[in-house]
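K.L.:
Provided herewith: target03.txt, compact mmCIF, C-alpha atoms and all ligand atoms.
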```txt
# COMPACT_ATOMS: atom_id res chain seq x y z
CA MET D 84 -32.39 -20.82 22.09
CA LYS D 85 -32.25 -17.14 23.10
CA GLN D 86 -31.67 -16.75 26.82
CA SER D 87 -33.52 -13.98 28.65
CA PHE D 88 -31.65 -11.50 30.83
CA ASP D 89 -34.08 -12.08 33.66
CA SER D 90 -33.63 -15.84 33.93
CA THR D 91 -29.86 -15.52 33.51
CA GLN D 92 -29.32 -12.86 36.16
CA GLN D 93 -31.46 -14.98 38.46
CA ILE D 94 -28.99 -17.86 38.06
CA VAL D 95 -26.08 -15.60 39.02
CA VAL D 96 -27.84 -13.94 41.96
CA ASP D 97 -29.20 -17.24 43.31
CA GLU D 98 -25.79 -18.92 43.09
CA LEU D 99 -24.19 -15.99 44.88
CA LYS D 100 -26.79 -15.97 47.65
CA ASN D 101 -26.41 -19.69 48.20
CA THR D 102 -22.62 -19.39 48.28
CA MET D 103 -22.49 -16.42 50.65
CA ASN D 104 -24.81 -18.30 53.03
CA SER D 105 -22.43 -21.24 53.04
CA ILE D 106 -19.37 -19.34 54.29
CA ASP D 107 -18.44 -20.10 57.89
CA GLU D 108 -18.84 -17.06 60.19
CA LEU D 109 -16.00 -18.15 62.52
CA GLN D 110 -13.57 -18.44 59.62
CA VAL D 111 -14.49 -14.91 58.54
CA GLU D 112 -14.01 -13.59 62.07
CA SER D 113 -10.54 -15.20 62.23
CA LEU D 114 -9.61 -13.41 59.03
CA ILE D 115 -10.83 -10.07 60.40
CA THR D 116 -8.79 -10.63 63.58
CA ALA D 117 -5.72 -11.38 61.47
CA ILE D 118 -6.25 -8.20 59.42
CA ASN D 119 -6.74 -6.12 62.58
CA ASN D 120 -3.53 -7.46 64.13
CA THR D 121 -1.22 -6.86 61.23
CA GLU D 122 0.94 -4.03 59.98
CA LYS D 123 0.52 -4.50 56.23
CA VAL D 124 -1.78 -6.77 54.26
CA PHE D 125 -0.31 -8.34 51.11
CA PHE D 126 -2.47 -9.99 48.45
CA VAL D 127 -1.64 -12.64 45.88
CA GLY D 128 -3.66 -14.48 43.27
CA VAL D 129 -3.85 -14.78 39.50
CA GLY D 130 -6.29 -13.91 36.72
CA ARG D 131 -9.81 -12.83 37.68
CA VAL D 132 -9.12 -13.92 41.25
CA LEU D 133 -6.42 -11.27 41.35
CA LEU D 134 -8.89 -8.68 40.02
CA SER D 135 -11.22 -9.41 42.96
CA LEU D 136 -8.29 -9.26 45.38
CA GLU D 137 -7.25 -5.89 43.96
CA ALA D 138 -10.74 -4.53 44.63
CA ILE D 139 -10.56 -5.85 48.21
CA ALA D 140 -7.10 -4.34 48.73
CA LYS D 141 -8.36 -0.96 47.54
CA ARG D 142 -11.41 -1.13 49.81
CA LEU D 143 -9.30 -2.05 52.86
CA ALA D 144 -7.01 0.86 51.97
CA HIS D 145 -10.12 3.04 52.25
CA LEU D 146 -10.29 1.92 55.89
CA GLY D 147 -6.75 3.23 56.44
CA ILE D 148 -5.15 -0.23 56.20
CA GLN D 149 -1.79 -0.53 54.42
CA THR D 150 -2.34 -2.93 51.53
CA VAL D 151 0.07 -4.27 48.94
CA ILE D 152 -0.46 -6.35 45.80
CA VAL D 153 2.41 -8.81 45.39
CA GLY D 154 4.34 -7.76 42.29
CA GLU D 155 3.34 -4.09 42.32
CA ILE D 156 6.15 -1.77 41.36
CA THR D 157 6.55 -0.19 44.83
CA GLU D 158 6.07 -3.44 46.79
CA PRO D 159 7.84 -3.28 50.17
CA ALA D 160 9.44 -6.22 52.00
CA ILE D 161 7.11 -8.53 53.90
CA THR D 162 7.97 -9.13 57.57
CA GLU D 163 6.73 -11.18 60.52
CA LYS D 164 4.38 -8.28 61.36
CA ASP D 165 2.51 -8.70 58.08
CA LEU D 166 -0.28 -10.82 56.65
CA LEU D 167 -0.44 -12.36 53.18
CA ILE D 168 -3.94 -13.04 51.88
CA VAL D 169 -3.89 -15.69 49.18
CA GLY D 170 -6.88 -16.00 46.87
CA SER D 171 -6.96 -19.35 45.11
CA GLY D 172 -10.00 -21.54 44.66
CA SER D 173 -8.00 -24.66 43.90
CA GLY D 174 -5.12 -23.82 46.24
CA LYS D 175 -2.88 -25.38 43.63
CA THR D 176 -2.00 -22.47 41.37
CA MET D 177 1.77 -22.23 41.19
CA PHE D 178 2.36 -18.50 41.72
CA PRO D 179 0.22 -17.97 44.87
CA LEU D 180 1.49 -21.27 46.26
CA GLY D 181 5.14 -20.25 45.80
CA ILE D 182 4.54 -16.79 47.28
CA ALA D 183 2.76 -18.27 50.33
CA LYS D 184 5.72 -20.54 50.98
CA LYS D 185 8.11 -17.59 50.69
CA ALA D 186 5.96 -15.39 52.98
CA LYS D 187 6.08 -18.10 55.66
CA GLN D 188 9.87 -18.17 55.38
CA PHE D 189 9.85 -14.45 56.29
CA GLY D 190 7.60 -15.16 59.29
CA ALA D 191 4.48 -13.53 57.87
CA LYS D 192 1.03 -14.88 58.64
CA VAL D 193 -0.80 -16.46 55.70
CA ALA D 194 -4.55 -16.41 55.18
CA HIS D 195 -6.00 -18.48 52.35
CA ILE D 196 -9.39 -17.74 50.84
CA GLY D 197 -10.20 -20.73 48.70
CA ALA D 198 -12.51 -23.62 47.97
CA ASN D 199 -10.24 -26.58 48.47
CA PRO D 200 -9.40 -27.27 52.15
CA GLU D 201 -6.98 -30.05 51.25
CA SER D 202 -4.70 -28.18 48.90
CA PRO D 203 -0.90 -27.89 49.07
CA LEU D 204 -1.48 -24.34 50.40
CA SER D 205 -2.80 -25.70 53.71
CA GLU D 206 0.80 -26.42 54.76
CA PHE D 207 1.50 -22.66 54.78
CA THR D 208 -1.89 -21.41 55.96
CA ASP D 209 -2.68 -19.91 59.39
CA VAL D 210 -6.22 -18.80 58.59
CA PHE D 211 -8.50 -20.46 56.05
CA VAL D 212 -11.79 -19.09 54.78
CA ARG D 213 -13.64 -21.53 52.58
CA ILE D 214 -15.83 -20.41 49.72
CA PRO D 215 -17.02 -23.91 48.85
CA VAL D 216 -17.72 -23.40 45.15
CA GLN D 217 -16.71 -24.81 41.82
CA THR D 218 -12.99 -24.59 41.06
CA LYS D 219 -10.98 -25.56 38.03
CA LEU D 220 -10.48 -28.95 39.76
CA TYR D 221 -14.25 -29.75 39.83
CA LEU D 222 -13.92 -31.55 43.18
CA PRO D 223 -16.90 -33.57 44.47
CA ASP D 224 -17.86 -31.37 47.46
CA GLU D 225 -17.87 -28.05 45.60
CA ILE D 226 -21.13 -26.13 45.01
CA PRO D 227 -21.60 -26.53 41.24
CA SER D 228 -22.17 -23.48 39.08
CA GLN D 229 -23.82 -22.81 35.73
CA GLN D 230 -21.55 -19.84 35.22
CA ILE D 231 -18.43 -19.67 33.11
CA MET D 232 -15.30 -21.29 34.58
CA THR D 233 -14.78 -20.04 38.16
CA SER D 234 -16.87 -16.85 37.97
CA LEU D 235 -18.79 -17.85 41.10
CA PHE D 236 -15.58 -18.02 43.14
CA GLU D 237 -14.34 -14.67 41.86
CA GLN D 238 -17.70 -12.96 42.53
CA SER D 239 -18.04 -14.48 45.99
CA LEU D 240 -14.49 -13.45 46.82
CA LEU D 241 -15.30 -9.83 45.98
CA LEU D 242 -18.52 -9.91 48.02
CA LEU D 243 -16.69 -11.53 50.93
CA GLY D 244 -14.15 -8.69 50.83
CA ASP D 245 -16.86 -6.03 50.79
CA THR D 246 -18.70 -7.81 53.60
CA ILE D 247 -15.54 -7.95 55.72
CA ALA D 248 -14.88 -4.24 55.12
CA LEU D 249 -18.44 -3.39 56.19
CA MET D 250 -18.17 -5.61 59.28
CA MET D 251 -14.96 -3.80 60.27
CA VAL D 252 -16.60 -0.40 59.79
CA LYS D 253 -19.58 -1.41 61.92
CA ASP D 254 -17.40 -3.12 64.60
CA GLN D 255 -15.40 0.09 64.99
CA ASN D 256 -18.35 2.46 64.64
CA ILE D 257 -16.60 4.31 61.84
CA ASP D 258 -18.46 7.19 60.26
CA LEU D 259 -18.73 6.24 56.57
CA LYS D 260 -18.24 9.80 55.34
CA SER D 261 -14.93 10.07 57.25
CA LEU D 262 -13.48 7.33 55.03
CA TRP D 263 -13.24 9.69 52.07
CA GLN D 264 -9.98 11.00 53.62
CA TYR D 265 -8.34 7.74 52.42
CA HIS D 266 -9.74 7.91 48.90
CA ALA D 267 -7.50 8.96 46.03
CA ASN D 268 -7.93 12.64 45.29
CA LEU D 269 -5.83 12.95 42.14
CA GLU D 270 -8.73 11.92 39.94
O1 LIG F 1 -8.35 -19.70 41.96
P1 LIG F 1 -7.26 -20.55 41.36
O2 LIG F 1 -7.53 -22.00 41.50
O3 LIG F 1 -5.90 -20.16 41.86
O4 LIG F 1 -7.26 -20.30 39.83
C1 LIG F 1 -7.13 -19.00 39.28
C2 LIG F 1 -7.40 -19.03 37.82
O5 LIG F 1 -8.70 -19.48 37.58
C3 LIG F 1 -9.41 -18.49 36.87
O6 LIG F 1 -10.17 -17.81 37.79
C4 LIG F 1 -10.17 -19.22 35.79
O7 LIG F 1 -11.51 -19.01 35.76
C5 LIG F 1 -8.44 -17.54 36.28
O8 LIG F 1 -8.85 -16.20 36.18
C6 LIG F 1 -7.26 -17.69 37.15
O9 LIG F 1 -6.16 -17.68 36.33
```
Would it be possible to restate this file's structure as structure tokens?
P.N.:
Amino acid sequence: MKQSFDSTQQIVVDELKNTMNSIDELQVESLITAINNTEKVFFVGVGRVLLSLEAIAKRLAHLGIQTVIVGEITEPAITEKDLLIVGSGSGKTMFPLGIAKKAKQFGAKVAHIGANPESPLSEFTDVFVRIPVQTKLYLPDEIPSQQIMTSLFEQSLLLLGDTIALMMVKDQNIDLKSLWQYHANLE
């Protein structure tokens, strides 16, 4: 049966609204505090989760924050002054898990944005923000989704990042137009 655009976009928007409303404010504030108290913010994740993290890293760079994607060609060393933000719904994906462990060994702080509070990542996590939605593990207490695979997690992650950036701008009374100084100009 042919699916209408209207009913389909409503599924996506309703799922997103429900998810965003289910994120704990205090967890978000802890993440903002961690970002504010760090020298550089590193990001790690895989697949579409990484794409959302890249968008967040770019947006935080527009606030004058030094951001790094783990694996980028000019990646600097992480130190105890830095924060690693791990995006992983399941908290079990091998690459982000290994990088979180390594970051802890260098004394960096680790923030995990994920769905699964009881993942192996929790051993290395200082700050946890839960987006309690469907992961590839299909755990019982996840918000189910009609969308493909873990789209809802990836979308919510991006919206969480944009929300955090806006909160930081408003907290610091930053003039939005002044942020263009941080935007790439070779384009
Ligand atoms: O968020 P997790 O559990 O680390 O899983 C990430 C993987 O899941 C997916 O989001 C699958 O939908 C992939 O893009 C990515 O490879």
K.L.:
Using all atoms listed in the file, which residue out of D:Gln93, D:Thr121, D:Thr208, D:Thr233 lies closest to ligand LIG 1 (chain F)?
P.N.:
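Closest to ligand LIG 1 (chain F) of all the choices is D:Thr233.
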K.L.:
Give the residue list for ligand LIG 1 (chain F) at 9 Å, counting all atoms listed in the file, as a PDB file with C-alpha atoms, keeping the file's coordinate frame, sorted by chain and then by residue number.
P.N.:
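Everything below was put into part14.pdb:
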```pdb
ATOM      1  CA  GLY D 128      -3.660 -14.480  43.270  1.00  0.00           C
ATOM      2  CA  VAL D 129      -3.850 -14.780  39.500  1.00  0.00           C
ATOM      3  CA  GLY D 130      -6.290 -13.910  36.720  1.00  0.00           C
ATOM      4  CA  ARG D 131      -9.810 -12.830  37.680  1.00  0.00           C
ATOM      5  CA  VAL D 132      -9.120 -13.920  41.250  1.00  0.00           C
ATOM      6  CA  LEU D 133      -6.420 -11.270  41.350  1.00  0.00           C
ATOM      7  CA  LEU D 134      -8.890  -8.680  40.020  1.00  0.00           C
ATOM      8  CA  VAL D 169      -3.890 -15.690  49.180  1.00  0.00           C
ATOM      9  CA  GLY D 170      -6.880 -16.000  46.870  1.00  0.00           C
ATOM     10  CA  SER D 171      -6.960 -19.350  45.110  1.00  0.00           C
ATOM     11  CA  GLY D 172     -10.000 -21.540  44.660  1.00  0.00           C
ATOM     12  CA  SER D 173      -8.000 -24.660  43.900  1.00  0.00           C
ATOM     13  CA  GLY D 174      -5.120 -23.820  46.240  1.00  0.00           C
ATOM     14  CA  LYS D 175      -2.880 -25.380  43.630  1.00  0.00           C
ATOM     15  CA  THR D 176      -2.000 -22.470  41.370  1.00  0.00           C
ATOM     16  CA  MET D 177       1.770 -22.230  41.190  1.00  0.00           C
ATOM     17  CA  PHE D 178       2.360 -18.500  41.720  1.00  0.00           C
ATOM     18  CA  PRO D 179       0.220 -17.970  44.870  1.00  0.00           C
ATOM     19  CA  LEU D 180       1.490 -21.270  46.260  1.00  0.00           C
ATOM     20  CA  GLY D 197     -10.200 -20.730  48.700  1.00  0.00           C
ATOM     21  CA  ALA D 198     -12.510 -23.620  47.970  1.00  0.00           C
ATOM     22  CA  ASN D 199     -10.240 -26.580  48.470  1.00  0.00           C
ATOM     23  CA  THR D 218     -12.990 -24.590  41.060  1.00  0.00           C
ATOM     24  CA  LYS D 219     -10.980 -25.560  38.030  1.00  0.00           C
ATOM     25  CA  LEU D 220     -10.480 -28.950  39.760  1.00  0.00           C
ATOM     26  CA  ILE D 231     -18.430 -19.670  33.110  1.00  0.00           C
ATOM     27  CA  MET D 232     -15.300 -21.290  34.580  1.00  0.00           C
ATOM     28  CA  THR D 233     -14.780 -20.040  38.160  1.00  0.00           C
ATOM     29  CA  SER D 234     -16.870 -16.850  37.970  1.00  0.00           C
ATOM     30  CA  PHE D 236     -15.580 -18.020  43.140  1.00  0.00           C
ATOM     31  CA  GLU D 237     -14.340 -14.670  41.860  1.00  0.00           C
TER      32      GLU D 237
END
```
K.L.:
Can you pull out every residue within 12 Å of Glu155 in chain D, counting only C-alpha atoms, but drop anything in the same chain fewer than 4 positions away, and send it as number ranges by chain?
P.N.:
D: 125-127, 137, 150-151, 159-160
K.L.:
Which residue gives the smallest distance to Thr102 in chain D among D:Asn268, D:Gln217, D:Gln149, D:Gln255, with only C-alpha atoms counted?
P.N.:
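Among the listed residues, the smallest separation from Thr102 in chain D belongs to D:Gln217.
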K.L.:
Fewer than 4 positions away in the same chain doesn't count, so skip those; otherwise give me all residues within 7 Å of Phe207 in chain D, counting all atoms listed in the file, as a PyMOL selection string.
P.N.:
chain D and resi 183-184+187+193
K.L.:
Nearest to Met103 in chain D: which of D:Leu262, D:Gly244, D:Ser239, D:Val252 is it, counting all atoms listed in the file?
P.N.:
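With all atoms listed in the file as the atom set, the closest residue is D:Ser239.
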K.L.:
Write out as a VMD selection string each polymer residue whose atoms come within 12 Å of Asn104 in chain D, counting only C-alpha atoms; drop sequence neighbours fewer than 4 positions from it.
P.N.:
chain D and resid 97 to 100 108 213 to 216 226 239 242 to 243
K.L.:
At what distance in Å, to one decimal, does CA of Ala248 in chain D lie from CA of Arg142 in chain D?
P.N.:
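Distance reported for this atom pair: 7.1 Å.
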K.L.:
I'd like the contact shell of Ile161 in chain D - 9 Å cut-off, only C-alpha atoms, skipping same-chain residues fewer than 4 positions apart - returned as a PyMOL selection string.
P.N.:
chain D and resi 123+125+165-167+186+189-191
K.L.:
When you count only C-alpha atoms, which of these residues is closest to Glu122 in chain D: D:Lys164, D:Ala138, D:Glu225, D:Ile156?
P.N.:
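For Glu122 in chain D, the nearest of the candidates is D:Lys164.
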K.L.:
Can you measure CA of Ile94 in chain D to CA of Ala140 in chain D for me? One decimal in Å is fine.
P.N.:
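That distance, rounded to one decimal, is 27.9 Å.
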K.L.:
Distance CA of Gln188 in chain D-CA of Glu206 in chain D, one decimal place?
P.N.:
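Between these atoms lies a distance of 12.3 Å.
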K.L.:
Given the choices D:Val95, D:Ala117, D:Met84, D:Ala267, which gets closest to Gln229 in chain D if the distance is worked out from only C-alpha atoms?
P.N.:
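Checking each of D:Val95, D:Ala117, D:Met84, D:Ala267 against Gln229 in chain D, counting only C-alpha atoms, the winner is D:Val95.
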K.L.:
Identify, on the basis of all atoms listed in the file, every residue whose closest approach to Val210 in chain D does not exceed 9 Å; exclude the query and any residue fewer than 4 positions from it along the same chain; express the result as a short mmCIF file (atom, residue, chain, number, x, y, z; two decimals) with C-alpha atoms, in the frame of the given file.
P.N.:
```cif
data_model
loop_
_atom_site.label_atom_id
_atom_site.label_comp_id
_atom_site.auth_asym_id
_atom_site.auth_seq_id
_atom_site.Cartn_x
_atom_site.Cartn_y
_atom_site.Cartn_z
CA GLN D 110 -13.57 -18.44 59.62
CA SER D 113 -10.54 -15.20 62.23
CA LEU D 114 -9.61 -13.41 59.03
CA ALA D 117 -5.72 -11.38 61.47
CA LYS D 192 1.03 -14.88 58.64
CA VAL D 193 -0.80 -16.46 55.70
CA ALA D 194 -4.55 -16.41 55.18
CA HIS D 195 -6.00 -18.48 52.35
CA ILE D 196 -9.39 -17.74 50.84
#
```
K.L.:
Out of D:Val96, D:Val153, D:Phe88, D:Leu146, which residue has the shortest atom-to-atom distance to Asn256 in chain D when counting all atoms listed in the file?
P.N.:
D:Leu146
K.L.:
Any chance you could build range 184-211 of chain D out to N, CA and C atoms and write it as a PDB file, in the frame of the given file?
P.N.:
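The resulting file, part09.pdb, is reproduced below:
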```pdb
ATOM      1  N   LYS D 184       4.581 -19.842  50.379  1.00  0.00           N
ATOM      2  CA  LYS D 184       5.720 -20.540  50.980  1.00  0.00           C
ATOM      3  C   LYS D 184       6.812 -19.532  51.367  1.00  0.00           C
ATOM      4  N   LYS D 185       7.086 -18.611  50.466  1.00  0.00           N
ATOM      5  CA  LYS D 185       8.110 -17.590  50.690  1.00  0.00           C
ATOM      6  C   LYS D 185       7.704 -16.678  51.858  1.00  0.00           C
ATOM      7  N   ALA D 186       6.441 -16.279  51.902  1.00  0.00           N
ATOM      8  CA  ALA D 186       5.960 -15.390  52.980  1.00  0.00           C
ATOM      9  C   ALA D 186       6.150 -16.061  54.342  1.00  0.00           C
ATOM     10  N   LYS D 187       5.894 -17.369  54.395  1.00  0.00           N
ATOM     11  CA  LYS D 187       6.080 -18.100  55.660  1.00  0.00           C
ATOM     12  C   LYS D 187       7.547 -18.074  56.072  1.00  0.00           C
ATOM     13  N   GLN D 188       8.431 -18.183  55.072  1.00  0.00           N
ATOM     14  CA  GLN D 188       9.870 -18.170  55.380  1.00  0.00           C
ATOM     15  C   GLN D 188      10.285 -16.840  56.019  1.00  0.00           C
ATOM     16  N   PHE D 189       9.552 -15.764  55.698  1.00  0.00           N
ATOM     17  CA  PHE D 189       9.850 -14.450  56.290  1.00  0.00           C
ATOM     18  C   PHE D 189       9.044 -14.228  57.564  1.00  0.00           C
ATOM     19  N   GLY D 190       8.333 -15.241  58.017  1.00  0.00           N
ATOM     20  CA  GLY D 190       7.600 -15.160  59.290  1.00  0.00           C
ATOM     21  C   GLY D 190       6.258 -14.479  59.212  1.00  0.00           C
ATOM     22  N   ALA D 191       5.802 -14.173  58.003  1.00  0.00           N
ATOM     23  CA  ALA D 191       4.480 -13.530  57.870  1.00  0.00           C
ATOM     24  C   ALA D 191       3.383 -14.545  58.126  1.00  0.00           C
ATOM     25  N   LYS D 192       2.210 -14.030  58.489  1.00  0.00           N
ATOM     26  CA  LYS D 192       1.030 -14.880  58.640  1.00  0.00           C
ATOM     27  C   LYS D 192       0.404 -15.055  57.246  1.00  0.00           C
ATOM     28  N   VAL D 193      -0.169 -16.222  57.007  1.00  0.00           N
ATOM     29  CA  VAL D 193      -0.800 -16.460  55.700  1.00  0.00           C
ATOM     30  C   VAL D 193      -2.269 -16.821  55.892  1.00  0.00           C
ATOM     31  N   ALA D 194      -3.126 -16.080  55.201  1.00  0.00           N
ATOM     32  CA  ALA D 194      -4.550 -16.410  55.180  1.00  0.00           C
ATOM     33  C   ALA D 194      -4.887 -16.865  53.760  1.00  0.00           C
ATOM     34  N   HIS D 195      -5.600 -17.977  53.670  1.00  0.00           N
ATOM     35  CA  HIS D 195      -6.000 -18.480  52.350  1.00  0.00           C
ATOM     36  C   HIS D 195      -7.510 -18.393  52.223  1.00  0.00           C
ATOM     37  N   ILE D 196      -7.964 -17.702  51.191  1.00  0.00           N
ATOM     38  CA  ILE D 196      -9.390 -17.740  50.840  1.00  0.00           C
ATOM     39  C   ILE D 196      -9.483 -18.634  49.617  1.00  0.00           C
ATOM     40  N   GLY D 197     -10.144 -19.765  49.793  1.00  0.00           N
ATOM     41  CA  GLY D 197     -10.200 -20.730  48.700  1.00  0.00           C
ATOM     42  C   GLY D 197     -11.363 -21.675  48.849  1.00  0.00           C
ATOM     43  N   ALA D 198     -11.404 -22.654  47.940  1.00  0.00           N
ATOM     44  CA  ALA D 198     -12.510 -23.620  47.970  1.00  0.00           C
ATOM     45  C   ALA D 198     -12.037 -24.985  48.439  1.00  0.00           C
ATOM     46  N   ASN D 199     -10.775 -25.239  48.249  1.00  0.00           N
ATOM     47  CA  ASN D 199     -10.240 -26.580  48.470  1.00  0.00           C
ATOM     48  C   ASN D 199      -9.483 -26.634  49.804  1.00  0.00           C
ATOM     49  N   PRO D 200     -10.063 -27.264  50.837  1.00  0.00           N
ATOM     50  CA  PRO D 200      -9.400 -27.270  52.150  1.00  0.00           C
ATOM     51  C   PRO D 200      -8.208 -28.217  52.203  1.00  0.00           C
ATOM     52  N   GLU D 201      -8.087 -29.086  51.210  1.00  0.00           N
ATOM     53  CA  GLU D 201      -6.980 -30.050  51.250  1.00  0.00           C
ATOM     54  C   GLU D 201      -5.967 -29.793  50.153  1.00  0.00           C
ATOM     55  N   SER D 202      -5.635 -28.534  49.963  1.00  0.00           N
ATOM     56  CA  SER D 202      -4.700 -28.180  48.900  1.00  0.00           C
ATOM     57  C   SER D 202      -3.284 -28.110  49.465  1.00  0.00           C
ATOM     58  N   PRO D 203      -2.287 -28.049  48.599  1.00  0.00           N
ATOM     59  CA  PRO D 203      -0.900 -27.890  49.070  1.00  0.00           C
ATOM     60  C   PRO D 203      -0.702 -26.594  49.855  1.00  0.00           C
ATOM     61  N   LEU D 204      -1.595 -25.617  49.664  1.00  0.00           N
ATOM     62  CA  LEU D 204      -1.480 -24.340  50.400  1.00  0.00           C
ATOM     63  C   LEU D 204      -1.698 -24.510  51.890  1.00  0.00           C
ATOM     64  N   SER D 205      -2.441 -25.554  52.287  1.00  0.00           N
ATOM     65  CA  SER D 205      -2.800 -25.700  53.710  1.00  0.00           C
ATOM     66  C   SER D 205      -1.546 -25.811  54.584  1.00  0.00           C
ATOM     67  N   GLU D 206      -0.462 -26.303  54.002  1.00  0.00           N
ATOM     68  CA  GLU D 206       0.800 -26.420  54.760  1.00  0.00           C
ATOM     69  C   GLU D 206       1.315 -25.049  55.217  1.00  0.00           C
ATOM     70  N   PHE D 207       0.969 -23.997  54.474  1.00  0.00           N
ATOM     71  CA  PHE D 207       1.500 -22.660  54.780  1.00  0.00           C
ATOM     72  C   PHE D 207       0.434 -21.726  55.352  1.00  0.00           C
ATOM     73  N   THR D 208      -0.743 -22.262  55.625  1.00  0.00           N
ATOM     74  CA  THR D 208      -1.890 -21.410  55.960  1.00  0.00           C
ATOM     75  C   THR D 208      -2.162 -21.347  57.463  1.00  0.00           C
ATOM     76  N   ASP D 209      -2.301 -20.110  57.973  1.00  0.00           N
ATOM     77  CA  ASP D 209      -2.680 -19.910  59.390  1.00  0.00           C
ATOM     78  C   ASP D 209      -4.184 -19.744  59.524  1.00  0.00           C
ATOM     79  N   VAL D 210      -4.776 -19.068  58.548  1.00  0.00           N
ATOM     80  CA  VAL D 210      -6.220 -18.800  58.590  1.00  0.00           C
ATOM     81  C   VAL D 210      -6.801 -19.227  57.252  1.00  0.00           C
ATOM     82  N   PHE D 211      -7.876 -20.015  57.306  1.00  0.00           N
ATOM     83  CA  PHE D 211      -8.500 -20.460  56.050  1.00  0.00           C
ATOM     84  C   PHE D 211      -9.954 -20.043  56.036  1.00  0.00           C
TER      85      PHE D 211
END
```
